[in-house]
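One structure is given here, and the rest of the page talks about it.
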Amino acid sequence: MVSIRQLEEYASEHNVPIMLKDGIEFLCDYIKKNNVKNILEIGTAIGYSAIKMALVNKDIKITTIERDVERYNLAIENIKNFNLEKHIMVILDDAFNVEFKKKFDLIFIDAAKSQYIKFFEKFKVNLNNNGVIVSDNLDFHGLVKSNKEISSRNVRGIVRKLRNYIEFLENNEEFKTEFYSIGDGIGVSKWQSK
């Protein structure tokens, strides 16, 4: 049986980005307090956050999307090890190819940072009236709020896209977003009026 600690160690050793501990605790706490039952996750990686969320309550159902085959296979294996196959469904595909008819209580965005606005816009139609969209990595290792020169062109691009995303959330007339300096920076967006 694989433990949560082993998943965290694997992620650290293999450079797999997973939620920071206080970030995932905040998210699981939110799920518990708000009686969230139906979750869509964009970006499964090795299944860490889906497993943590599913363990909050036996009634929780999670649909999670991963486009990387290797990570998808690892996630499937990890989910089986926790006996959560009935609670977590993993879809191997690019999120932009996936369409849902159903609605979710919570949509968790934790995939390609450069696509956050597109993910938000695509999946908001699948959000329940009183549901929330949670976005992770809004601080991106402290770089989003920093004025320091970033040498890597790739990282500069990610930071610019995340700043654009934060601006998009702040000026969004459909959603009201609260920002939390927890983990790597979390945004919780709710419909303004539905």
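Residues in the structure tokens are named by chain (A, B, ... in the order shown) and by number from 1 within that chain; ligands are numbered from 1 in the order shown.
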Original post:
So which residues touch Ile65 (chain A) within 6 Å, counting only C-alpha atoms, skipping near sequence neighbours fewer than 3 positions away, as a list in words?
Top reply: Ile42, Gly43, Thr44, Val90 and Ile91 of chain A
Using C-alpha atoms, can you write the selected residues to a file as a tab-separated table (two decimals), in the first residue's frame?
```tsv
chain	number	residue	atom	x	y	z
A	42	ILE	CA	-7.77	19.91	-14.63
A	43	GLY	CA	-4.31	18.36	-14.31
A	44	THR	CA	-4.05	15.01	-12.52
A	90	VAL	CA	-9.14	9.79	-14.75
A	91	ILE	CA	-9.49	10.91	-18.37
```
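Among the residues of region 100-171 of chain A, backbone DSSP assigns alpha helix (DSSP H) to Tyr116, Ile117, Lys118, Phe119, Phe120, Glu121, Lys122, Phe123, Arg153, Asn154, Val155, Arg156, Gly157, Ile158, Val159, Arg160, Lys161, Leu162, Arg163, Asn164, Tyr165, Ile166, Glu167, Phe168, Leu169 and Glu170 of chain A.
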Go ahead and write the residues just picked, N, CA, C and O atoms, as an mmCIF file, in the first residue's frame.
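Written out: selection07.cif:
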```cif
data_model
loop_
_atom_site.group_PDB
_atom_site.id
_atom_site.type_symbol
_atom_site.label_atom_id
_atom_site.label_comp_id
_atom_site.auth_asym_id
_atom_site.auth_seq_id
_atom_site.Cartn_x
_atom_site.Cartn_y
_atom_site.Cartn_z
ATOM 1 N N TYR A 116 -4.564 28.985 -18.102
ATOM 2 C CA TYR A 116 -5.549 29.152 -17.026
ATOM 3 C C TYR A 116 -6.806 29.908 -17.475
ATOM 4 O O TYR A 116 -7.916 29.510 -17.141
ATOM 5 N N ILE A 117 -6.637 30.993 -18.199
ATOM 6 C CA ILE A 117 -7.815 31.774 -18.635
ATOM 7 C C ILE A 117 -8.701 30.910 -19.524
ATOM 8 O O ILE A 117 -9.920 30.873 -19.356
ATOM 9 N N LYS A 118 -8.073 30.173 -20.456
ATOM 10 C CA LYS A 118 -8.847 29.318 -21.372
ATOM 11 C C LYS A 118 -9.556 28.190 -20.622
ATOM 12 O O LYS A 118 -10.702 27.868 -20.925
ATOM 13 N N PHE A 119 -8.876 27.594 -19.624
ATOM 14 C CA PHE A 119 -9.510 26.546 -18.812
ATOM 15 C C PHE A 119 -10.728 27.132 -18.087
ATOM 16 O O PHE A 119 -11.793 26.528 -18.050
ATOM 17 N N PHE A 120 -10.527 28.286 -17.490
ATOM 18 C CA PHE A 120 -11.594 28.938 -16.708
ATOM 19 C C PHE A 120 -12.805 29.186 -17.606
ATOM 20 O O PHE A 120 -13.934 28.830 -17.262
ATOM 21 N N GLU A 121 -12.547 29.781 -18.765
ATOM 22 C CA GLU A 121 -13.633 30.127 -19.686
ATOM 23 C C GLU A 121 -14.340 28.876 -20.231
ATOM 24 O O GLU A 121 -15.546 28.861 -20.387
ATOM 25 N N LYS A 122 -13.560 27.849 -20.504
ATOM 26 C CA LYS A 122 -14.157 26.627 -21.075
ATOM 27 C C LYS A 122 -15.048 25.906 -20.071
ATOM 28 O O LYS A 122 -16.143 25.459 -20.407
ATOM 29 N N PHE A 123 -14.584 25.778 -18.835
ATOM 30 C CA PHE A 123 -15.280 24.911 -17.882
ATOM 31 C C PHE A 123 -16.240 25.634 -16.940
ATOM 32 O O PHE A 123 -16.973 24.973 -16.209
ATOM 33 N N ARG A 153 13.483 32.546 -20.010
ATOM 34 C CA ARG A 153 12.423 33.080 -20.876
ATOM 35 C C ARG A 153 11.097 32.340 -20.647
ATOM 36 O O ARG A 153 10.023 32.942 -20.620
ATOM 37 N N ASN A 154 11.214 31.025 -20.470
ATOM 38 C CA ASN A 154 10.043 30.190 -20.236
ATOM 39 C C ASN A 154 9.315 30.605 -18.940
ATOM 40 O O ASN A 154 8.103 30.793 -18.924
ATOM 41 N N VAL A 155 10.089 30.769 -17.858
ATOM 42 C CA VAL A 155 9.515 31.164 -16.564
ATOM 43 C C VAL A 155 8.923 32.574 -16.662
ATOM 44 O O VAL A 155 7.849 32.826 -16.132
ATOM 45 N N ARG A 156 9.629 33.460 -17.369
ATOM 46 C CA ARG A 156 9.097 34.830 -17.575
ATOM 47 C C ARG A 156 7.724 34.789 -18.230
ATOM 48 O O ARG A 156 6.803 35.501 -17.838
ATOM 49 N N GLY A 157 7.581 33.898 -19.218
ATOM 50 C CA GLY A 157 6.308 33.741 -19.934
ATOM 51 C C GLY A 157 5.205 33.239 -19.008
ATOM 52 O O GLY A 157 4.082 33.751 -19.034
ATOM 53 N N ILE A 158 5.536 32.250 -18.172
ATOM 54 C CA ILE A 158 4.554 31.698 -17.225
ATOM 55 C C ILE A 158 4.108 32.784 -16.248
ATOM 56 O O ILE A 158 2.917 32.951 -15.988
ATOM 57 N N VAL A 159 5.065 33.533 -15.711
ATOM 58 C CA VAL A 159 4.757 34.590 -14.737
ATOM 59 C C VAL A 159 3.865 35.656 -15.384
ATOM 60 O O VAL A 159 2.883 36.101 -14.791
ATOM 61 N N ARG A 160 4.180 36.012 -16.618
ATOM 62 C CA ARG A 160 3.365 37.028 -17.327
ATOM 63 C C ARG A 160 1.926 36.525 -17.505
ATOM 64 O O ARG A 160 0.961 37.245 -17.262
ATOM 65 N N LYS A 161 1.800 35.233 -17.909
ATOM 66 C CA LYS A 161 0.460 34.652 -18.110
ATOM 67 C C LYS A 161 -0.313 34.584 -16.790
ATOM 68 O O LYS A 161 -1.518 34.818 -16.768
ATOM 69 N N LEU A 162 0.375 34.251 -15.695
ATOM 70 C CA LEU A 162 -0.296 34.185 -14.392
ATOM 71 C C LEU A 162 -0.728 35.578 -13.933
ATOM 72 O O LEU A 162 -1.808 35.738 -13.369
ATOM 73 N N ARG A 163 0.099 36.577 -14.186
ATOM 74 C CA ARG A 163 -0.301 37.962 -13.850
ATOM 75 C C ARG A 163 -1.539 38.361 -14.659
ATOM 76 O O ARG A 163 -2.449 38.993 -14.131
ATOM 77 N N ASN A 164 -1.559 37.976 -15.927
ATOM 78 C CA ASN A 164 -2.737 38.250 -16.778
ATOM 79 C C ASN A 164 -3.968 37.540 -16.228
ATOM 80 O O ASN A 164 -5.069 38.085 -16.247
ATOM 81 N N TYR A 165 -3.757 36.316 -15.748
ATOM 82 C CA TYR A 165 -4.875 35.524 -15.208
ATOM 83 C C TYR A 165 -5.440 36.193 -13.947
ATOM 84 O O TYR A 165 -6.662 36.303 -13.786
ATOM 85 N N ILE A 166 -4.545 36.635 -13.070
ATOM 86 C CA ILE A 166 -4.980 37.310 -11.834
ATOM 87 C C ILE A 166 -5.774 38.567 -12.184
ATOM 88 O O ILE A 166 -6.824 38.838 -11.597
ATOM 89 N N GLU A 167 -5.283 39.320 -13.164
ATOM 90 C CA GLU A 167 -5.981 40.521 -13.627
ATOM 91 C C GLU A 167 -7.363 40.149 -14.198
ATOM 92 O O GLU A 167 -8.367 40.806 -13.941
ATOM 93 N N PHE A 168 -7.394 39.057 -14.951
ATOM 94 C CA PHE A 168 -8.643 38.546 -15.518
ATOM 95 C C PHE A 168 -9.643 38.223 -14.397
ATOM 96 O O PHE A 168 -10.827 38.538 -14.493
ATOM 97 N N LEU A 169 -9.156 37.601 -13.329
ATOM 98 C CA LEU A 169 -10.025 37.255 -12.196
ATOM 99 C C LEU A 169 -10.500 38.510 -11.465
ATOM 100 O O LEU A 169 -11.665 38.621 -11.088
ATOM 101 N N GLU A 170 -9.575 39.452 -11.269
ATOM 102 C CA GLU A 170 -9.915 40.683 -10.536
ATOM 103 C C GLU A 170 -10.964 41.511 -11.259
ATOM 104 O O GLU A 170 -11.795 42.161 -10.635
#
```
Subject >> Gap from CA of Asn83 (chain A) to CA of Lys61 (chain A) - Å, one decimal >> reply: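 Spanning CA of Asn83 (chain A) to CA of Lys61 (chain A) is a straight-line distance of 13.2 Å.
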**OP:** Choose the residue, out of A:Asn137, A:Thr63, A:Ser12, A:Ser193, that has the smallest atom-to-atom separation from Glu174 (chain A); count only C-alpha atoms.
**Re:**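 Selected residue with least distance to Glu174 (chain A): A:Ser193.
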**OP:** Could you tell me which of A:Gln115, A:Ser49, A:Asn130, A:Asn147 comes closest to Leu7 (chain A) if we count only C-alpha atoms?
**Re:** A:Ser49
Could you name the residues that touch Asn81 (chain A) at 12 Å or less, counting only C-alpha atoms, but leaving out those on the same chain fewer than 4 positions away, as an mmCIF file with all heavy atoms, in the first residue's frame?
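Writing done, so here's around_33.cif:
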```cif
data_model
loop_
_atom_site.group_PDB
_atom_site.id
_atom_site.type_symbol
_atom_site.label_atom_id
_atom_site.label_comp_id
_atom_site.auth_asym_id
_atom_site.auth_seq_id
_atom_site.Cartn_x
_atom_site.Cartn_y
_atom_site.Cartn_z
ATOM 1 N N MET A 1 0.838 -1.207 0.000
ATOM 2 C CA MET A 1 0.000 0.000 0.000
ATOM 3 C C MET A 1 0.870 1.253 0.000
ATOM 4 O O MET A 1 1.775 1.391 0.812
ATOM 5 C CB MET A 1 -0.888 -0.033 1.265
ATOM 6 C CG MET A 1 -1.721 1.196 1.481
ATOM 7 S SD MET A 1 -3.066 1.295 0.279
ATOM 8 C CE MET A 1 -3.890 2.760 0.807
ATOM 9 N N VAL A 2 0.614 2.118 -0.925
ATOM 10 C CA VAL A 2 1.363 3.380 -1.010
ATOM 11 C C VAL A 2 0.745 4.364 -0.014
ATOM 12 O O VAL A 2 -0.463 4.390 0.176
ATOM 13 C CB VAL A 2 1.258 3.962 -2.445
ATOM 14 C CG1 VAL A 2 1.918 5.323 -2.540
ATOM 15 C CG2 VAL A 2 1.895 3.013 -3.437
ATOM 16 N N SER A 3 1.593 5.153 0.632
ATOM 17 C CA SER A 3 1.072 6.166 1.562
ATOM 18 C C SER A 3 1.129 7.547 0.900
ATOM 19 O O SER A 3 1.817 7.745 -0.113
ATOM 20 C CB SER A 3 1.916 6.177 2.837
ATOM 21 O OG SER A 3 3.217 6.669 2.538
ATOM 22 N N ILE A 4 0.430 8.493 1.498
ATOM 23 C CA ILE A 4 0.465 9.887 1.017
ATOM 24 C C ILE A 4 1.902 10.397 1.054
ATOM 25 O O ILE A 4 2.375 11.054 0.131
ATOM 26 C CB ILE A 4 -0.461 10.778 1.898
ATOM 27 C CG1 ILE A 4 -1.937 10.446 1.653
ATOM 28 C CG2 ILE A 4 -0.180 12.252 1.669
ATOM 29 C CD1 ILE A 4 -2.484 10.822 0.286
ATOM 30 N N GLN A 6 4.635 8.714 0.709
ATOM 31 C CA GLN A 6 5.398 8.150 -0.417
ATOM 32 C C GLN A 6 5.092 8.896 -1.726
ATOM 33 O O GLN A 6 5.985 9.098 -2.538
ATOM 34 C CB GLN A 6 5.100 6.658 -0.568
ATOM 35 C CG GLN A 6 5.800 5.810 0.477
ATOM 36 C CD GLN A 6 5.301 4.379 0.461
ATOM 37 O OE1 GLN A 6 4.117 4.119 0.670
ATOM 38 N NE2 GLN A 6 6.200 3.440 0.210
ATOM 39 N N LEU A 7 3.837 9.293 -1.885
ATOM 40 C CA LEU A 7 3.478 10.082 -3.078
ATOM 41 C C LEU A 7 4.229 11.409 -3.066
ATOM 42 O O LEU A 7 4.740 11.855 -4.090
ATOM 43 C CB LEU A 7 1.972 10.353 -3.123
ATOM 44 C CG LEU A 7 1.027 9.198 -3.438
ATOM 45 C CD1 LEU A 7 -0.401 9.714 -3.553
ATOM 46 C CD2 LEU A 7 1.415 8.490 -4.727
ATOM 47 N N GLY A 47 -1.910 11.954 -9.396
ATOM 48 C CA GLY A 47 -3.141 11.657 -8.661
ATOM 49 C C GLY A 47 -3.148 12.145 -7.222
ATOM 50 O O GLY A 47 -4.110 11.921 -6.484
ATOM 51 N N TYR A 48 -2.091 12.836 -6.812
ATOM 52 C CA TYR A 48 -1.937 13.252 -5.404
ATOM 53 C C TYR A 48 -3.127 14.065 -4.887
ATOM 54 O O TYR A 48 -3.767 13.692 -3.904
ATOM 55 C CB TYR A 48 -0.631 14.044 -5.257
ATOM 56 C CG TYR A 48 -0.414 14.659 -3.891
ATOM 57 C CD1 TYR A 48 -0.045 13.853 -2.806
ATOM 58 C CD2 TYR A 48 -0.566 16.021 -3.680
ATOM 59 C CE1 TYR A 48 0.159 14.414 -1.552
ATOM 60 C CE2 TYR A 48 -0.357 16.581 -2.428
ATOM 61 C CZ TYR A 48 0.004 15.775 -1.368
ATOM 62 O OH TYR A 48 0.204 16.327 -0.122
ATOM 63 N N ILE A 51 -6.488 12.182 -4.882
ATOM 64 C CA ILE A 51 -6.546 11.212 -3.782
ATOM 65 C C ILE A 51 -6.830 11.924 -2.460
ATOM 66 O O ILE A 51 -7.702 11.518 -1.694
ATOM 67 C CB ILE A 51 -5.232 10.380 -3.709
ATOM 68 C CG1 ILE A 51 -5.157 9.415 -4.899
ATOM 69 C CG2 ILE A 51 -5.108 9.632 -2.380
ATOM 70 C CD1 ILE A 51 -3.786 8.803 -5.151
ATOM 71 N N LEU A 74 0.586 6.408 -13.873
ATOM 72 C CA LEU A 74 0.982 6.457 -12.461
ATOM 73 C C LEU A 74 -0.208 6.816 -11.587
ATOM 74 O O LEU A 74 -0.409 6.233 -10.514
ATOM 75 C CB LEU A 74 2.076 7.515 -12.264
ATOM 76 C CG LEU A 74 3.506 7.021 -12.245
ATOM 77 C CD1 LEU A 74 4.463 8.193 -12.214
ATOM 78 C CD2 LEU A 74 3.745 6.101 -11.051
ATOM 79 N N ALA A 75 -1.005 7.777 -12.044
ATOM 80 C CA ALA A 75 -2.184 8.202 -11.285
ATOM 81 C C ALA A 75 -3.151 7.036 -11.114
ATOM 82 O O ALA A 75 -3.650 6.785 -10.010
ATOM 83 C CB ALA A 75 -2.875 9.367 -11.984
ATOM 84 N N ILE A 76 -3.394 6.297 -12.209
ATOM 85 C CA ILE A 76 -4.299 5.137 -12.169
ATOM 86 C C ILE A 76 -3.801 4.130 -11.120
ATOM 87 O O ILE A 76 -4.569 3.628 -10.298
ATOM 88 C CB ILE A 76 -4.392 4.459 -13.571
ATOM 89 C CG1 ILE A 76 -5.084 5.389 -14.586
ATOM 90 C CG2 ILE A 76 -5.081 3.103 -13.477
ATOM 91 C CD1 ILE A 76 -6.578 5.570 -14.415
ATOM 92 N N GLU A 77 -2.505 3.869 -11.149
ATOM 93 C CA GLU A 77 -1.890 2.918 -10.215
ATOM 94 C C GLU A 77 -2.041 3.410 -8.768
ATOM 95 O O GLU A 77 -2.431 2.643 -7.875
ATOM 96 C CB GLU A 77 -0.403 2.802 -10.588
ATOM 97 C CG GLU A 77 0.299 1.607 -10.012
ATOM 98 C CD GLU A 77 1.758 1.593 -10.463
ATOM 99 O OE1 GLU A 77 2.018 1.709 -11.686
ATOM 100 O OE2 GLU A 77 2.615 1.503 -9.574
ATOM 101 N N GLU A 85 -10.858 3.764 -6.968
ATOM 102 C CA GLU A 85 -11.288 3.720 -8.387
ATOM 103 C C GLU A 85 -12.754 4.094 -8.569
ATOM 104 O O GLU A 85 -13.135 4.604 -9.609
ATOM 105 C CB GLU A 85 -11.088 2.328 -9.005
ATOM 106 C CG GLU A 85 -9.708 1.753 -8.898
ATOM 107 C CD GLU A 85 -9.575 0.794 -7.727
ATOM 108 O OE1 GLU A 85 -9.888 1.186 -6.578
ATOM 109 O OE2 GLU A 85 -9.157 -0.348 -7.952
#
```
Original post:
Contacts of Phe140 (chain A) at 8 Å or less, counting only C-alpha atoms, minus same-chain residues fewer than 2 places along, as a list in words?
Top reply: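 The residues satisfying every condition are Asn137, Leu138, Gly142, Leu143, Val144, Val159, Asp184 and Gly185 of chain A.
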Wanna dump the region 81-144 of chain A-region 32-38 of chain A contacts at 8 Å for me, each residue with its shortest atom pair and the distance in Å to one decimal, counting only C-alpha atoms, ordered by chain and number, as a Markdown table?
```
| residue | atom | partner | partner_atom | distance |
| --- | --- | --- | --- | --- |
| A:Phe104 | CA | A:Asn38 | CA | 5.1 |
| A:Asp105 | CA | A:Asn38 | CA | 5.3 |
| A:Leu106 | CA | A:Asn38 | CA | 6.6 |
```
Produce a file of the selected residues containing N, CA, C and O atoms, as a PDB file, in the first residue's frame.
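Below is the file that was written, out_31.pdb:
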```pdb
ATOM      1  N   PHE A 104     -20.472  20.620 -11.758  1.00  0.00           N
ATOM      2  CA  PHE A 104     -19.601  20.279 -10.633  1.00  0.00           C
ATOM      3  C   PHE A 104     -19.740  21.321  -9.521  1.00  0.00           C
ATOM      4  O   PHE A 104     -19.998  22.491  -9.787  1.00  0.00           O
ATOM      5  N   ASP A 105     -19.512  20.860  -8.284  1.00  0.00           N
ATOM      6  CA  ASP A 105     -19.535  21.774  -7.130  1.00  0.00           C
ATOM      7  C   ASP A 105     -18.229  22.569  -7.062  1.00  0.00           C
ATOM      8  O   ASP A 105     -18.196  23.686  -6.554  1.00  0.00           O
ATOM      9  N   LEU A 106     -17.154  21.937  -7.535  1.00  0.00           N
ATOM     10  CA  LEU A 106     -15.845  22.584  -7.470  1.00  0.00           C
ATOM     11  C   LEU A 106     -15.045  22.177  -8.705  1.00  0.00           C
ATOM     12  O   LEU A 106     -15.026  21.005  -9.077  1.00  0.00           O
TER      13      LEU A 106
END
```
